[in-house]
$ cat query.csv   # CSV, C-alpha atoms and all ligand atoms
chain,number,residue,atom,x,y,z
A,1,MET,CA,51.8,67.8,-17.1
A,2,LYS,CA,54.6,70.2,-17.9
A,3,CYS,CA,54.2,73.0,-20.4
A,4,THR,CA,55.8,72.2,-23.8
A,5,ASN,CA,57.3,75.7,-23.9
A,6,ASP,CA,58.8,76.5,-20.4
A,7,GLU,CA,58.9,75.2,-16.8
A,8,GLY,CA,55.2,76.0,-16.2
A,9,VAL,CA,52.5,73.5,-15.6
A,10,LEU,CA,49.5,72.9,-17.8
A,11,LYS,CA,46.2,73.5,-16.2
A,12,LEU,CA,42.6,73.3,-17.2
A,13,LYS,CA,41.1,76.8,-17.3
A,14,HIS,CA,37.7,78.3,-18.1
A,15,GLY,CA,37.7,81.3,-20.4
A,16,SER,CA,35.2,83.2,-22.4
A,17,TYR,CA,35.4,80.6,-25.2
A,18,GLY,CA,34.9,77.7,-22.8
A,19,TYR,CA,37.4,75.3,-21.4
A,20,PHE,CA,41.0,75.3,-22.5
A,21,ILE,CA,44.4,74.1,-21.2
A,22,GLY,CA,46.9,76.8,-20.5
A,23,CYS,CA,50.3,77.3,-18.8
A,24,THR,CA,50.6,78.5,-15.2
A,25,ASN,CA,53.0,81.2,-16.5
A,26,PHE,CA,50.4,83.0,-18.4
A,27,PRO,CA,50.5,85.8,-19.5
A,28,LYS,CA,54.3,85.4,-20.0
A,29,CYS,CA,53.7,82.0,-21.7
A,30,LYS,CA,50.8,81.8,-24.1
A,31,THR,CA,50.9,78.1,-24.7
A,32,THR,CA,47.4,76.6,-24.9
A,33,ILE,CA,46.1,73.3,-25.9
A,34,ASN,CA,42.6,72.8,-27.2
A,35,SER,CA,40.9,70.6,-24.5
A,36,LYS,CA,39.0,68.5,-27.1
A,37,GLU,CA,42.3,67.7,-28.9
A,38,PHE,CA,43.9,66.9,-25.5
A,39,ILE,CA,41.1,64.5,-24.6
A,40,LYS,CA,41.3,62.9,-28.0
A,41,ASN,CA,45.1,62.4,-27.7
A,42,ILE,CA,44.9,60.9,-24.2
A,43,LEU,CA,42.1,58.5,-25.1
A,44,SER,CA,43.8,57.5,-28.4
A,45,LYS,CA,46.8,56.5,-26.3
A,46,GLU,CA,45.0,55.0,-23.3
A,47,GLY,CA,41.7,53.8,-24.5
A,48,VAL,CA,38.5,54.3,-22.5
A,49,ASN,CA,38.3,52.4,-19.2
A,50,ILE,CA,34.9,51.0,-18.4
A,51,TYR,CA,34.6,50.3,-14.7
A,52,CYS,CA,32.5,47.7,-13.1
A,53,TRP,CA,31.6,47.1,-9.5
A,54,LYS,CA,28.9,45.1,-7.7
A,55,ARG,CA,26.2,46.4,-5.6
A,56,GLU,CA,23.1,45.1,-3.9
A,57,CYS,CA,19.9,45.8,-5.9
A,58,TRP,CA,17.6,48.0,-3.9
A,59,LYS,CA,14.6,45.9,-5.0
A,60,CYS,CA,15.5,42.2,-5.0
A,61,LYS,CA,18.6,42.5,-2.7
A,62,GLU,CA,20.6,40.2,-5.1
A,63,THR,CA,24.1,41.3,-6.2
A,64,THR,CA,24.2,43.0,-9.6
A,65,PRO,CA,27.1,44.4,-11.6
A,66,VAL,CA,26.9,48.1,-12.5
A,67,TYR,CA,29.1,49.9,-15.0
A,68,ALA,CA,30.5,53.4,-15.5
A,69,TYR,CA,33.1,55.3,-17.3
A,70,LEU,CA,35.0,58.2,-15.8
A,71,ILE,CA,36.9,60.0,-18.5
A,72,ASN,CA,37.7,62.9,-16.2
A,73,TYR,CA,39.3,60.6,-13.8
A,74,GLN,CA,41.5,59.2,-16.6
A,75,LEU,CA,42.4,62.7,-17.7
A,76,SER,CA,43.2,63.9,-14.2
A,77,LYS,CA,46.3,61.8,-14.2
A,78,TYR,CA,47.7,64.3,-16.7
A,79,ILE,CA,45.9,67.5,-15.6
A,80,LYS,CA,44.6,67.4,-12.1
A,81,GLU,CA,41.8,69.9,-12.6
A,82,PHE,CA,39.8,67.5,-14.7
A,83,GLU,CA,38.9,65.8,-11.4
A,84,GLN,CA,36.9,68.9,-10.5
A,85,PHE,CA,34.9,69.0,-13.7
A,86,GLY,CA,32.9,65.8,-13.3
A,87,ASP,CA,30.5,66.8,-16.0
A,88,LEU,CA,32.9,68.2,-18.6
A,89,PHE,CA,32.9,64.9,-20.4
A,90,GLY,CA,30.1,62.7,-19.4
A,91,PRO,CA,26.5,61.9,-19.9
A,92,ASP,CA,23.6,64.0,-18.8
A,93,HIS,CA,20.0,63.0,-19.0
A,94,SER,CA,19.4,64.7,-22.3
A,95,SER,CA,22.2,63.6,-24.5
A,96,GLU,CA,23.9,60.4,-25.3
A,97,ASP,CA,27.6,60.3,-26.1
A,98,GLU,CA,29.7,57.8,-28.0
A,99,ILE,CA,30.7,55.9,-24.9
A,100,THR,CA,27.2,55.5,-23.7
A,101,THR,CA,26.2,54.3,-27.2
A,102,TRP,CA,29.0,51.7,-27.0
A,103,MET,CA,27.8,50.6,-23.5
A,104,LEU,CA,24.2,50.3,-24.6
A,105,ALA,CA,25.3,48.0,-27.5
A,106,ASN,CA,27.7,45.9,-25.6
A,107,ILE,CA,26.4,45.5,-22.0
A,108,PRO,CA,23.0,43.8,-21.8
A,109,SER,CA,22.1,45.2,-18.4
A,110,ILE,CA,22.5,48.8,-19.6
A,111,LYS,CA,19.3,49.8,-21.1
A,112,LYS,CA,17.2,52.9,-21.8
A,113,MET,CA,14.9,53.2,-18.8
A,114,TYR,CA,12.2,55.6,-17.9
A,115,SER,CA,12.7,57.5,-14.7
A,116,LYS,CA,9.9,59.3,-13.0
A,117,THR,CA,12.4,61.5,-11.2
A,118,VAL,CA,13.9,62.6,-14.5
A,119,GLY,CA,10.7,62.4,-16.5
A,120,ALA,CA,12.4,60.8,-19.5
A,121,LYS,CA,14.1,57.7,-20.8
A,122,TYR,CA,17.8,57.5,-20.4
A,123,PRO,CA,20.6,54.9,-20.5
A,124,ALA,CA,20.9,53.3,-17.1
A,125,ASN,CA,22.3,50.3,-15.2
A,126,THR,CA,19.6,47.7,-14.5
A,127,CYS,CA,19.7,44.7,-12.2
A,128,VAL,CA,20.7,41.5,-13.9
A,129,ASN,CA,18.3,39.6,-11.7
A,130,CYS,CA,15.1,41.5,-11.6
A,131,GLY,CA,15.6,44.2,-14.2
A,132,VAL,CA,14.9,47.3,-12.2
A,133,LEU,CA,16.7,50.6,-12.6
A,134,GLN,CA,19.8,50.9,-10.4
A,135,GLY,CA,19.7,54.7,-10.3
A,136,ALA,CA,20.2,57.7,-12.5
A,137,PHE,CA,22.8,57.0,-15.1
A,138,MET,CA,26.0,55.3,-14.1
A,139,ILE,CA,28.0,57.9,-12.4
A,140,PHE,CA,27.5,61.4,-11.2
A,141,SER,CA,24.2,62.3,-9.9
A,142,GLU,CA,23.7,59.5,-7.5
A,143,PRO,CA,24.2,59.9,-3.7
A,144,ASP,CA,26.0,56.6,-3.7
A,145,SER,CA,27.9,57.4,-6.8
A,146,LEU,CA,30.9,55.5,-8.0
A,147,PHE,CA,33.3,58.1,-6.6
A,148,CYS,CA,31.9,57.7,-3.1
A,149,ILE,CA,32.0,54.0,-3.2
A,150,LEU,CA,35.3,53.3,-4.8
A,151,GLY,CA,37.5,56.2,-3.8
A,152,ASP,CA,41.0,55.1,-4.4
A,153,HIS,CA,40.2,51.6,-5.6
A,154,LEU,CA,39.0,52.8,-9.0
A,155,GLU,CA,42.0,51.3,-10.8
A,156,ASP,CA,41.1,47.8,-9.5
A,157,MET,CA,37.6,48.2,-11.0
A,158,VAL,CA,38.6,48.4,-14.6
A,159,TRP,CA,36.3,46.0,-16.4
A,160,LYS,CA,37.5,46.6,-19.9
A,161,ASN,CA,39.7,49.0,-21.8
A,162,ILE,CA,38.1,49.9,-25.1
A,163,SER,CA,40.2,51.4,-27.9
A,164,TYR,CA,39.4,54.9,-29.0
A,165,ASN,CA,38.6,53.7,-32.6
A,166,GLU,CA,36.1,51.2,-31.4
A,167,ILE,CA,34.1,53.8,-29.6
A,168,PHE,CA,34.6,57.0,-31.6
A,169,LYS,CA,33.8,55.7,-35.1
B,201,ZN,ZN,54.4,77.6,-20.5
B,202,ZN,ZN,17.2,43.3,-8.6

$ encode --input "query.csv" --output "structure tokens" --more "lines below"
Ligand SMILES: [Zn+2]
Ligand SMILES: [Zn+2]
Amino acid sequence: MKCTNDEGVLKLKHGSYGYFIGCTNFPKCKTTINSKEFIKNILSKEGVNIYCWKRECWKCKETTPVYAYLINYQLSKYIKEFEQFGDLFGPDHSSEDEITTWMLANIPSIKKMYSKTVGAKYPANTCVNCGVLQGAFMIFSEPDSLFCILGDHLEDMVWKNISYNEIFK
């Protein structure tokens, strides 16, 4: 994405106050965008993509759908560096964000499950056939994570596009 002020390119940077979006011509150009604002603007415009793909349940061997969202992937279309910050906007095992809350309320196979590995309950995909946990959350920490499986086919895996206002109430 081009800088609003000159010919520079806007990049995601990490400074002493956390993440921010700044121009490649810094310090000549001091244009910055608050990354929270940026995320809000993009998601208000684009909505949040929920991705779905099918995998074989490790327990019953039947096929089950699993769901994920990848905000950073959506944002990386505008600012490439978002790709590299997989956990900048995403769930971890201790917190629950608005998108996760939406998924828990709207997708029956996403449930709060106890994981021995994690030692706590957290929202997870479960098998639609036998109910077992399909792995740590939907996305990042799995060896067979969404990124590895889908690669460039992610766009074909959009299950639903949810408007910003429906999720961030
Ligand atoms: Zn600039
Ligand atoms: Zn199963």

$ residues_near_point --input "query.csv" --point "(52.3, 81.8, -20.1)" --cutoff "10 Å" --atoms "all atoms listed in the file" --output "list in words"
Cys3, Asn5, Asp6, Glu7, Gly8, Val9, Leu10, Gly22, Cys23, Thr24, Asn25, Phe26, Pro27, Lys28, Cys29, Lys30, Thr31 and Thr32 of chain A

$ closest_residue --input "query.csv" --among "A:Ile99, A:Pro65, A:Leu133, A:Asn165" --to "Lys112 in chain A" --atoms "only C-alpha atoms"
A:Leu133

$ closest_residue --input "query.csv" --among "A:Ile21, A:Ile162, A:Val128, A:Leu12" --to "Asn106 in chain A" --atoms "all atoms listed in the file"
A:Ile162

$ closest_atom_pairs --input "query.csv" --of "chain A" --to "ligand ZN 202 (chain B)" --cutoff "9 Å" --atoms "only C-alpha atoms and all ligand atoms" --output "Markdown table"
| residue | atom | partner | partner_atom | distance |
| --- | --- | --- | --- | --- |
| A:Glu56 | CA | B:ZN202 | ZN | 7.8 |
| A:Cys57 | CA | B:ZN202 | ZN | 4.6 |
| A:Trp58 | CA | B:ZN202 | ZN | 6.7 |
| A:Lys59 | CA | B:ZN202 | ZN | 5.1 |
| A:Cys60 | CA | B:ZN202 | ZN | 4.1 |
| A:Lys61 | CA | B:ZN202 | ZN | 6.1 |
| A:Glu62 | CA | B:ZN202 | ZN | 5.8 |
| A:Thr63 | CA | B:ZN202 | ZN | 7.6 |
| A:Thr64 | CA | B:ZN202 | ZN | 7.1 |
| A:Thr126 | CA | B:ZN202 | ZN | 7.7 |
| A:Cys127 | CA | B:ZN202 | ZN | 4.6 |
| A:Val128 | CA | B:ZN202 | ZN | 6.6 |
| A:Asn129 | CA | B:ZN202 | ZN | 5.0 |
| A:Cys130 | CA | B:ZN202 | ZN | 4.1 |
| A:Gly131 | CA | B:ZN202 | ZN | 5.9 |
| A:Val132 | CA | B:ZN202 | ZN | 5.9 |
| A:Leu133 | CA | B:ZN202 | ZN | 8.3 |
| A:Gln134 | CA | B:ZN202 | ZN | 8.2 |

$ atom_distance --input "query.csv" --atom1 "CA of Ile110 in chain A" --atom2 "CA of Ala124 in chain A"
5.4 Å

$ atom_distance --input "query.csv" --atom1 "CA of Glu46 in chain A" --atom2 "CA of Lys2 in chain A"
18.8 Å

$ decode --input "query.csv" --residues "range 15-169 of chain A" --atoms "C-alpha atoms" --output "compact mmCIF listing (two decimals), in the first residue's frame"
# COMPACT_ATOMS: atom_id res chain seq x y z
CA GLY A 15 8.62 0.21 17.76
CA SER A 16 8.91 0.91 21.44
CA TYR A 17 5.15 1.47 21.64
CA GLY A 18 4.27 -1.72 19.83
CA TYR A 19 3.25 -2.28 16.24
CA PHE A 20 2.62 0.58 13.90
CA ILE A 21 2.39 1.20 10.20
CA GLY A 22 4.95 3.60 8.80
CA CYS A 23 6.43 4.83 5.54
CA THR A 24 9.59 3.34 4.04
CA ASN A 25 10.88 6.90 3.62
CA PHE A 26 11.15 7.40 7.36
CA PRO A 27 12.69 9.58 8.80
CA LYS A 28 12.07 11.92 5.87
CA CYS A 29 8.40 11.02 5.88
CA LYS A 30 6.76 10.68 9.25
CA THR A 31 3.44 9.27 8.07
CA THR A 32 2.16 6.60 10.43
CA ILE A 33 -1.12 4.78 10.77
CA ASN A 34 -2.28 3.23 13.98
CA SER A 35 -2.39 -0.50 13.27
CA LYS A 36 -5.63 -1.01 15.23
CA GLU A 37 -7.29 1.68 13.12
CA PHE A 38 -5.90 0.12 9.99
CA ILE A 39 -7.25 -3.30 10.90
CA LYS A 40 -10.62 -1.81 11.72
CA ASN A 41 -10.82 0.02 8.40
CA ILE A 42 -9.91 -3.03 6.35
CA LEU A 43 -12.31 -5.32 8.18
CA SER A 44 -15.12 -2.77 7.99
CA LYS A 45 -14.63 -2.72 4.26
CA GLU A 46 -13.92 -6.41 3.64
CA GLY A 47 -15.63 -8.22 6.46
CA VAL A 48 -14.03 -11.17 8.18
CA ASN A 49 -13.47 -14.30 6.13
CA ILE A 50 -14.12 -17.57 7.88
CA TYR A 51 -12.37 -20.40 6.10
CA CYS A 52 -13.48 -23.99 6.09
CA TRP A 53 -11.80 -27.11 4.88
CA LYS A 54 -12.27 -30.81 5.38
CA ARG A 55 -9.94 -33.18 7.06
CA GLU A 56 -9.92 -36.71 8.26
CA CYS A 57 -10.62 -37.02 11.96
CA TRP A 58 -7.63 -38.63 13.65
CA LYS A 59 -9.94 -40.75 15.80
CA CYS A 60 -12.89 -41.98 13.75
CA LYS A 61 -11.27 -41.44 10.32
CA GLU A 62 -14.45 -39.84 8.99
CA THR A 63 -14.30 -36.50 7.21
CA THR A 64 -15.09 -33.44 9.28
CA PRO A 65 -15.13 -29.74 8.44
CA VAL A 66 -12.78 -27.48 10.39
CA TYR A 67 -12.92 -23.72 10.52
CA ALA A 68 -10.47 -20.90 10.90
CA TYR A 69 -10.05 -17.22 10.40
CA LEU A 70 -6.84 -15.58 9.24
CA ILE A 71 -7.04 -11.86 9.70
CA ASN A 72 -3.37 -11.43 9.04
CA TYR A 73 -3.75 -13.13 5.71
CA GLN A 74 -6.54 -10.73 4.78
CA LEU A 75 -4.44 -7.77 5.90
CA SER A 76 -1.34 -8.93 4.06
CA LYS A 77 -3.01 -8.09 0.77
CA TYR A 78 -2.57 -4.46 1.78
CA ILE A 79 0.58 -4.60 3.85
CA LYS A 80 2.72 -7.62 3.20
CA GLU A 81 4.40 -7.82 6.60
CA PHE A 82 1.17 -8.88 8.26
CA GLU A 83 1.88 -12.33 6.89
CA GLN A 84 4.87 -12.65 9.15
CA PHE A 85 2.97 -11.75 12.30
CA GLY A 86 0.73 -14.74 12.58
CA ASP A 87 -0.20 -14.02 16.15
CA LEU A 88 -0.63 -10.28 15.95
CA PHE A 89 -4.34 -10.68 15.56
CA GLY A 90 -5.42 -14.09 16.53
CA PRO A 91 -6.43 -16.32 19.34
CA ASP A 92 -4.14 -17.74 21.88
CA HIS A 93 -4.96 -20.27 24.53
CA SER A 94 -5.64 -17.74 27.23
CA SER A 95 -7.87 -15.21 25.56
CA GLU A 96 -10.93 -15.22 23.42
CA ASP A 97 -11.42 -12.53 20.83
CA GLU A 98 -14.62 -11.36 19.16
CA ILE A 99 -14.25 -13.58 16.13
CA THR A 100 -13.81 -16.64 18.30
CA THR A 101 -16.91 -15.67 20.25
CA TRP A 102 -18.83 -15.41 16.98
CA MET A 103 -17.59 -18.83 15.87
CA LEU A 104 -18.51 -20.44 19.18
CA ALA A 105 -22.03 -19.05 18.85
CA ASN A 106 -22.55 -19.89 15.18
CA ILE A 107 -20.65 -23.06 14.36
CA PRO A 108 -21.91 -26.05 16.37
CA SER A 109 -18.71 -28.09 15.98
CA ILE A 110 -16.60 -25.32 17.53
CA LYS A 111 -16.68 -25.85 21.25
CA LYS A 112 -14.69 -25.16 24.34
CA MET A 113 -12.66 -28.27 24.89
CA TYR A 114 -10.18 -29.31 27.49
CA SER A 115 -6.70 -30.07 26.24
CA LYS A 116 -4.24 -32.03 28.32
CA THR A 117 -1.36 -30.55 26.34
CA VAL A 118 -2.48 -27.02 27.08
CA GLY A 119 -3.89 -27.80 30.52
CA ALA A 120 -6.96 -25.64 30.01
CA LYS A 121 -10.23 -25.31 28.16
CA TYR A 122 -10.18 -23.39 24.94
CA PRO A 123 -12.26 -23.00 21.78
CA ALA A 124 -11.49 -25.70 19.27
CA ASN A 125 -12.73 -27.53 16.23
CA THR A 126 -14.34 -30.83 17.04
CA CYS A 127 -15.25 -33.74 14.81
CA VAL A 128 -18.88 -33.58 13.60
CA ASN A 129 -19.05 -37.38 13.73
CA CYS A 130 -17.45 -38.42 17.00
CA GLY A 131 -16.93 -35.12 18.81
CA VAL A 132 -13.22 -35.33 19.55
CA LEU A 133 -10.91 -32.34 19.50
CA GLN A 134 -9.30 -31.75 16.13
CA GLY A 135 -6.25 -29.99 17.52
CA ALA A 136 -5.19 -26.85 19.26
CA PHE A 137 -7.36 -24.00 18.14
CA MET A 138 -8.09 -23.57 14.50
CA ILE A 139 -4.99 -22.15 13.12
CA PHE A 140 -1.52 -21.44 14.20
CA SER A 141 0.03 -23.85 16.60
CA GLU A 142 -0.70 -27.05 14.73
CA PRO A 143 1.93 -28.88 12.72
CA ASP A 144 -0.70 -29.52 10.07
CA SER A 145 -1.98 -25.99 10.29
CA LEU A 146 -4.20 -24.29 7.81
CA PHE A 147 -1.31 -22.51 6.20
CA CYS A 148 0.57 -25.70 5.46
CA ILE A 149 -2.45 -27.50 4.09
CA LEU A 150 -4.01 -24.81 1.99
CA GLY A 151 -1.12 -22.70 0.80
CA ASP A 152 -2.30 -20.68 -2.14
CA HIS A 153 -5.77 -22.15 -2.19
CA LEU A 154 -6.97 -20.18 0.78
CA GLU A 155 -9.22 -17.95 -1.30
CA ASP A 156 -11.21 -20.99 -2.43
CA MET A 157 -11.78 -21.97 1.17
CA VAL A 158 -13.85 -18.99 2.22
CA TRP A 159 -16.88 -20.43 3.95
CA LYS A 160 -18.55 -17.18 4.96
CA ASN A 161 -17.78 -13.52 4.96
CA ILE A 162 -19.06 -11.90 8.12
CA SER A 163 -19.56 -8.17 8.35
CA TYR A 164 -17.53 -6.20 10.83
CA ASN A 165 -20.62 -5.06 12.71
CA GLU A 166 -21.90 -8.56 13.19
CA ILE A 167 -18.71 -9.62 14.94
CA PHE A 168 -17.45 -6.50 16.70
CA LYS A 169 -20.58 -5.36 18.47
